[in-house]
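Enquirer: Would you mind keeping the following structure in view while I ask a few things?
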Amino acid sequence: MANYQLGDLQQAIATSREVLATWERIGFGDKAGVAETSLGIEYLELGNYRIALQFLGKALAVRIRLKYTFAVAESWNNLALVYRAQGAYEQAEAALHKSIELTRKLANADLESESLANLGEVQMLAGKPALAAQSLLESLHIAEKLDGKLKIAFAAYNLGRLELSRGRLEQSAAYLKRSLAVEEQIHDRLEEGQTLVSLSDLERTRGNLESSRNFAMRALRFADQTGQTEVQWTAFTALGRVEKALGHPDEARKALDSAIDALEDLRTRVAGGAREQAVFFSSRTEPYQERMTLALQDGHAGEAFHYSERARARALLDTIDRRHDPLSKSMTTEERAEEKRLRVALTAVNLQMQSAQLDTEVLRKRQDQARLAYQAFETALYSAHPQLRVGRAESPIVSAKEAQALLPGPNTALLEFAVTPAHTRLFVISAAGVRCFTTDISQDTLRRRVERFRSELAHRDLRVDEAAGQLYALLLAPARAAFEGASELIIAPDGPLWGLPFQALEPKRGHFLIEDCSISYVPSFTVLRAEMQAAARRRPAADSLLAFGNPAGRTALPDALRQVEAVAALYQPSSRTYTGTDASEERWKKEAPPYRILHFATHAVFDDRSPLYSHIALAEPQPGSTEDGLLEAWEIMQLDLNAQLSVLSACETARGAAVPGEGLVGLTWALFVAGSPSALVSQWKVDAAPSGELMLLFHRTWRGGDAGITKTRAMRQAQLAMLRKPDSHPFDWAGFILVGDGQ
C-alpha cells in the first residue's frame, strides 16, 4: 500500500504479485481477492485497462462465490473505476449503485463515501451536473465526519472540476486547493497529479498563465515518476493550451504532440472491442483539436487536415481488414454457458417489451440491466482473450496529398467538416489542393439549426426553403469557389452535421445541391481509403442479392412485398427473397454473409438511449426460437459480412449517436464493422410509397455495378427523378444517403 500511495507502481505490482503467488500456494482463506484487487487498481493507474479488468473481475467472482458482502461491494466500486476510465459511464453507474446499496446495508460509511465520490465523478462526466453535485457533497459530508483524508481529497477534487465546468471559478479554486493540501499532507502522489492538471486549467481560465504553466509542469513530473498515462496526456494538453495562450507556438506544438502520442498508446490498452474503443476515444479529442488550430494559425491547411483525420473514426479504422474470428470460437465451456444465459435474458425482456406484458417503465429498467450485464460480460471476454482485441490499424492516416489520390476524377471534391465547441471548419480537397474555411458558429448553435431544418422538412413546412438557403450560405457558400464545377462531392460530416441532408440545401431559391452534383458521405477519408483497399483484396461474393421484407408479426409496410420482389428480379438468377415468417432473424444471420448486396424493406427503430441497440424488425419469433426478431446493431457487428452494399429501406436507419472523434455510431457504423463498406440508409421516418419508388429507381440504374455507373451517381439519378415529379417535396427524396464507398 505504501508503494502504491507514493506512486511507485512498478514496485507495488511486484509486491502484489508476490502476495498473490503466496495466497495461491497456501489457499485464499479470508484474503480472497485481495491481491487481485491490488493488482487491478495498480494496472488501472498505469492505464492497462485490459489487465486491470482481468484481475478485478476475478476478485469479484471469488468474492461473490464466497459471499463476502463487503468485499463484493468493494469489487463493484473498483470495477466501476475501469468502466469510468474507458468512458463506459452507464456501466460505471450501474456498478456503483450496486456497491452503494451493499455498503448501506452493511452501514459501512467509509466505502459508501468512496463509492459516492466515484458516482459523482461519473455523473459529472456523463453530463449530469445536478446529480453529480448531490453525490459529491454527500460523499464529502460523510468523509468529513470520518476524518477520511483520502476521501475528502477525492470528493473535493471532483467538486472543484464540477465548479470549473460551471464557470464558478472561486468555488472551484477553494475545492481544488483543499484537495491538493490534503494530498500533499498524506503524500498521495497518484491523486496529486490529476489535481494539478485541474488547477492548471483553472488558472489558465482565470488568466494566470504562468501559474497555469507551473501547475502543468508539476503534474508532468508526477506523471513521469508514477507512469500514469492518463495524467500524462491531460497534463501535456493543459501545457499545450497555456503555451499557446502565452504565444509560444513551438512549445505548444511539442506538448500537444506528446499528449497525442500518449493517447495513441493508451487507446490500444482498452478492454473490449470496437464499441469500447469508440467510447474511450470520444472524450479525448481535445489535443487533436488544439493541434489543428495551431496548424491553421500557421497557415498550414494540409497539416490541420492531417490532425482532423487523425482524430476521426479510429475505432472503425482499427477493425478494417483486422477482423478476428467470432467471439464464440474463443469461449470456454463456462463462458458459452454464461453467454447463453445472458442472451436468453436479453431476448426475454425484448419479447416482453414487444408484447407489453408489464409496465413499460419496469420493463425498460429490466432491459437496461440485461444490456449492461451482457456488455460487461463481452468486455470481460475481450480482456480474458487477448487474441480477440482490436489492434492498432496498420493503415497510416491519410495526408491531404494522399486524399487527392482518392478523387475518382478531376470533377470531384472532398469536403471534411470539423466541429468544435466554438467553431465549424471545412476542409476542401480538390485537384487544386487543400483549403480550410472557418465559420464562427458553435456546436450547440449548429445542432439547433440542423434540428430545426429537419423538423421543417418532416412537417413539410413552407419555411424549409429559407432554412435550406441559410444553411447553404453558412456552411458551403464561403468555400464554393474551392469546389466550383465539381460534379461529385464526398462529404465527411462531424457532430450535428451527420443529421444534415446536404443534398436538400439550396444554393439558390428552389434549386437543390443534388441538382449540381452527386453526394456521398464517409466517416473519414482514411477509413474510405482503407475500405477501398480491403474491398480490392476481398474475395468477390458468390451470390448477388439477399432481400428481406414485410416480416410476419410486424406492422405491414405498404408495397414492401412488391419492393423486395421487384428488386430481387433485377438480380436474378442469384438473388433470394424472404418475406412473412421466412424473414426471420435466424435466417438473416445464417444466410447474409455470402451475399454481395443486402436489402431490407422492414421497419427499423433508432434507440437514442443506446444507439448500438437500434434494430431492424424481422419476423416475430416462432415458438422455440432463441432470437427475439430484433436484429440489433451490436449483433450485426459480430458477423463477418461480404456485402458490397447494404440497403436499409426503412425509417431512421442512418441515425445514431454522433460520437466525438468517431462519427455516427448506430446501424450504419455496425455494418462497417461487420464488413460492408457502404450503406444506403435513411435520415428520418420516410413514407413507404416514395421510399420504395426511390429504391427501385436506384437499383434499376445501378444493377450491382453491372450497368457501369457508380452507386453515388445512381443515387443522384434516382433522387433527381423523384425531385422532378409534380408536387415533389425534399421530404420524399432527400432522406436517403449513401454512406461509405460510393464507387
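Numbering starts fresh at 1 for the residues of each chain in the C-alpha cells, the chains themselves are lettered A, B, ... in the order given, and ligands are numbered from 1 as they appear.
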Give the helix (DSSP H, G or I) residues of segment 488-607 of chain A, as assigned by DSSP on the backbone, as number ranges by chain.
Expert: A: 495-499, 502-504, 513-515, 525-537, 560-570, 585-591
Enquirer: Name all residues at most 8 Å from Ile152 of chain A (count only C-alpha atoms; drop same-chain ones fewer than 6 positions away) and give them as a list in words.
Expert: Leu140, Ala143, Glu144, Ser179 and Val182 of chain A
Enquirer: Write the residues of the preceding selection, restricted to C-alpha atoms, as a PDB file, in the first residue's frame.
Expert:
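Produced file out_2.pdb, reproduced below:
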ATOM      1  CA  LEU A 140     -17.667  14.887   1.297  1.00  0.00           C
ATOM      2  CA  ALA A 143     -15.744  11.750   4.723  1.00  0.00           C
ATOM      3  CA  GLU A 144     -15.535  14.836   6.946  1.00  0.00           C
ATOM      4  CA  SER A 179      -7.789  18.717  -2.322  1.00  0.00           C
ATOM      5  CA  VAL A 182      -4.736  17.136   1.825  1.00  0.00           C
TER       6      VAL A 182
END
Enquirer: Report as a Markdown table the residues of segment 156-269 of chain A within 12 Å of segment 37-45 of chain A, each with its shortest atom pair and distance in Å (one decimal), using only C-alpha atoms, ordered by chain and increasing residue number.
Expert:
| residue | atom | partner | partner_atom | distance |
| --- | --- | --- | --- | --- |
| A:Arg189 | CA | A:Glu45 | CA | 11.5 |
| A:Leu190 | CA | A:Glu45 | CA | 8.0 |
| A:Glu191 | CA | A:Glu45 | CA | 10.0 |
| A:Gly193 | CA | A:Glu45 | CA | 11.6 |
| A:Gln194 | CA | A:Glu45 | CA | 11.4 |
| A:Ala223 | CA | A:Glu45 | CA | 10.4 |
| A:Thr226 | CA | A:Glu45 | CA | 8.7 |
| A:Gly227 | CA | A:Glu45 | CA | 8.1 |
| A:Gln228 | CA | A:Glu45 | CA | 5.8 |
| A:Thr229 | CA | A:Glu45 | CA | 8.0 |
| A:Glu230 | CA | A:Glu45 | CA | 8.0 |
| A:Val231 | CA | A:Glu45 | CA | 9.3 |
| A:Gln232 | CA | A:Glu45 | CA | 11.4 |
| A:Leu266 | CA | A:Leu44 | CA | 11.2 |
| A:Arg269 | CA | A:Leu44 | CA | 10.2 |
Enquirer: Using N, CA and C atoms, can you export the residues from the last selection as a PDB file, in the first residue's frame?
Expert:
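And here is the file that came out, selection.pdb:
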ATOM      1  N   ARG A 189       0.634  10.731  -4.025  1.00  0.00           N
ATOM      2  CA  ARG A 189       1.188  11.199  -5.293  1.00  0.00           C
ATOM      3  C   ARG A 189       0.304  10.841  -6.489  1.00  0.00           C
ATOM      4  N   LEU A 190      -0.437   9.751  -6.382  1.00  0.00           N
ATOM      5  CA  LEU A 190      -1.254   9.336  -7.515  1.00  0.00           C
ATOM      6  C   LEU A 190      -2.407  10.294  -7.766  1.00  0.00           C
ATOM      7  N   GLU A 191      -3.049  10.771  -6.716  1.00  0.00           N
ATOM      8  CA  GLU A 191      -4.157  11.706  -6.872  1.00  0.00           C
ATOM      9  C   GLU A 191      -3.659  13.129  -7.097  1.00  0.00           C
ATOM     10  N   GLY A 193      -1.285  14.353  -8.970  1.00  0.00           N
ATOM     11  CA  GLY A 193      -1.028  14.727 -10.361  1.00  0.00           C
ATOM     12  C   GLY A 193      -2.273  15.213 -11.071  1.00  0.00           C
ATOM     13  N   GLN A 194      -3.419  14.509 -10.903  1.00  0.00           N
ATOM     14  CA  GLN A 194      -4.629  14.909 -11.602  1.00  0.00           C
ATOM     15  C   GLN A 194      -5.200  16.206 -11.033  1.00  0.00           C
ATOM     16  N   ALA A 223       3.568  12.569 -13.291  1.00  0.00           N
ATOM     17  CA  ALA A 223       3.222  11.517 -14.259  1.00  0.00           C
ATOM     18  C   ALA A 223       4.455  10.737 -14.681  1.00  0.00           C
ATOM     19  N   THR A 226       5.307   8.375 -11.713  1.00  0.00           N
ATOM     20  CA  THR A 226       4.357   7.298 -11.417  1.00  0.00           C
ATOM     21  C   THR A 226       4.034   6.431 -12.624  1.00  0.00           C
ATOM     22  N   GLY A 227       4.231   6.956 -13.835  1.00  0.00           N
ATOM     23  CA  GLY A 227       3.868   6.212 -15.038  1.00  0.00           C
ATOM     24  C   GLY A 227       2.397   6.284 -15.378  1.00  0.00           C
ATOM     25  N   GLN A 228       1.663   7.251 -14.825  1.00  0.00           N
ATOM     26  CA  GLN A 228       0.226   7.386 -15.089  1.00  0.00           C
ATOM     27  C   GLN A 228       0.010   8.058 -16.447  1.00  0.00           C
ATOM     28  N   THR A 229      -0.332   7.256 -17.440  1.00  0.00           N
ATOM     29  CA  THR A 229      -0.501   7.795 -18.789  1.00  0.00           C
ATOM     30  C   THR A 229      -1.677   8.748 -18.874  1.00  0.00           C
ATOM     31  N   GLU A 230      -2.742   8.498 -18.118  1.00  0.00           N
ATOM     32  CA  GLU A 230      -3.911   9.379 -18.125  1.00  0.00           C
ATOM     33  C   GLU A 230      -3.533  10.776 -17.645  1.00  0.00           C
ATOM     34  N   VAL A 231      -2.754  10.853 -16.554  1.00  0.00           N
ATOM     35  CA  VAL A 231      -2.291  12.154 -16.069  1.00  0.00           C
ATOM     36  C   VAL A 231      -1.347  12.782 -17.089  1.00  0.00           C
ATOM     37  N   GLN A 232      -0.538  11.949 -17.729  1.00  0.00           N
ATOM     38  CA  GLN A 232       0.452  12.461 -18.673  1.00  0.00           C
ATOM     39  C   GLN A 232      -0.210  13.182 -19.849  1.00  0.00           C
ATOM     40  N   LEU A 266      -2.351   4.786 -25.167  1.00  0.00           N
ATOM     41  CA  LEU A 266      -3.346   4.412 -24.169  1.00  0.00           C
ATOM     42  C   LEU A 266      -4.539   3.703 -24.791  1.00  0.00           C
ATOM     43  N   ARG A 269      -4.826  -0.100 -25.118  1.00  0.00           N
ATOM     44  CA  ARG A 269      -4.960  -0.917 -23.901  1.00  0.00           C
ATOM     45  C   ARG A 269      -6.404  -1.056 -23.437  1.00  0.00           C
TER      46      ARG A 269
END
Enquirer: At a cut-off of 9 Å, using only C-alpha atoms, what residues contact segment 158-167 of chain A? Leave out same-chain residues fewer than 2 positions from it and give the result as a ChimeraX atom specification.
Expert: /A:117-118,120-121,124,129,132-133,136-137,153-156,169-177,179,195,198-199,201-202,205
Enquirer: Which residue, A:Ala566, A:Leu631, A:Leu545, A:Leu209, has the smallest gap to Val647 of chain A when you use only C-alpha atoms?
Expert: A:Leu545
Enquirer: Taking into account only C-alpha atoms, which residue in the set A:Thr668, A:Pro496, A:Ile13, A:Ser200 is nearest to Ala219 of chain A?
Expert: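 Checking each of A:Thr668, A:Pro496, A:Ile13, A:Ser200 against Ala219 of chain A, counting only C-alpha atoms, the winner is A:Ser200.
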Enquirer: With a distance cut-off of 6 Å and only C-alpha atoms, select the neighbouring residues of Ala418 of chain A, excluding the residue or stretch itself and same-chain residues fewer than 3 positions from it, and output the selection as number ranges by chain.
Expert: A: 424-425, 494
Enquirer: With only C-alpha atoms as the atoms that count, which of A:Gln443, A:Thr22, A:Thr347, A:Gln719 lies nearest to Ile737 of chain A?
Expert: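 The shortest atom-to-atom distance to Ile737 of chain A comes from A:Gln719.
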Enquirer: Identify, with DSSP run on backbone atoms, the residues in segment 316-548 of chain A assigned to strand (DSSP E or B), and express the list as a PyMOL selection string.
Expert: chain A and resi 412-419+424-430+433-439+488-492+508+511+518-521+543-548
Enquirer: Report, in Å with one decimal, the straight-line distance from atom CA of Arg371 of chain A to atom CA of Ala313 of chain A.
Expert: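 About the pair atom CA of Arg371 of chain A and atom CA of Ala313 of chain A: they are 24.3 Å apart.
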Enquirer: Which is closer to Glu303 of chain A than all the others in A:Ile597, A:Ala536, A:Ala400, A:Leu474, using only C-alpha atoms?
Expert: A:Ala400
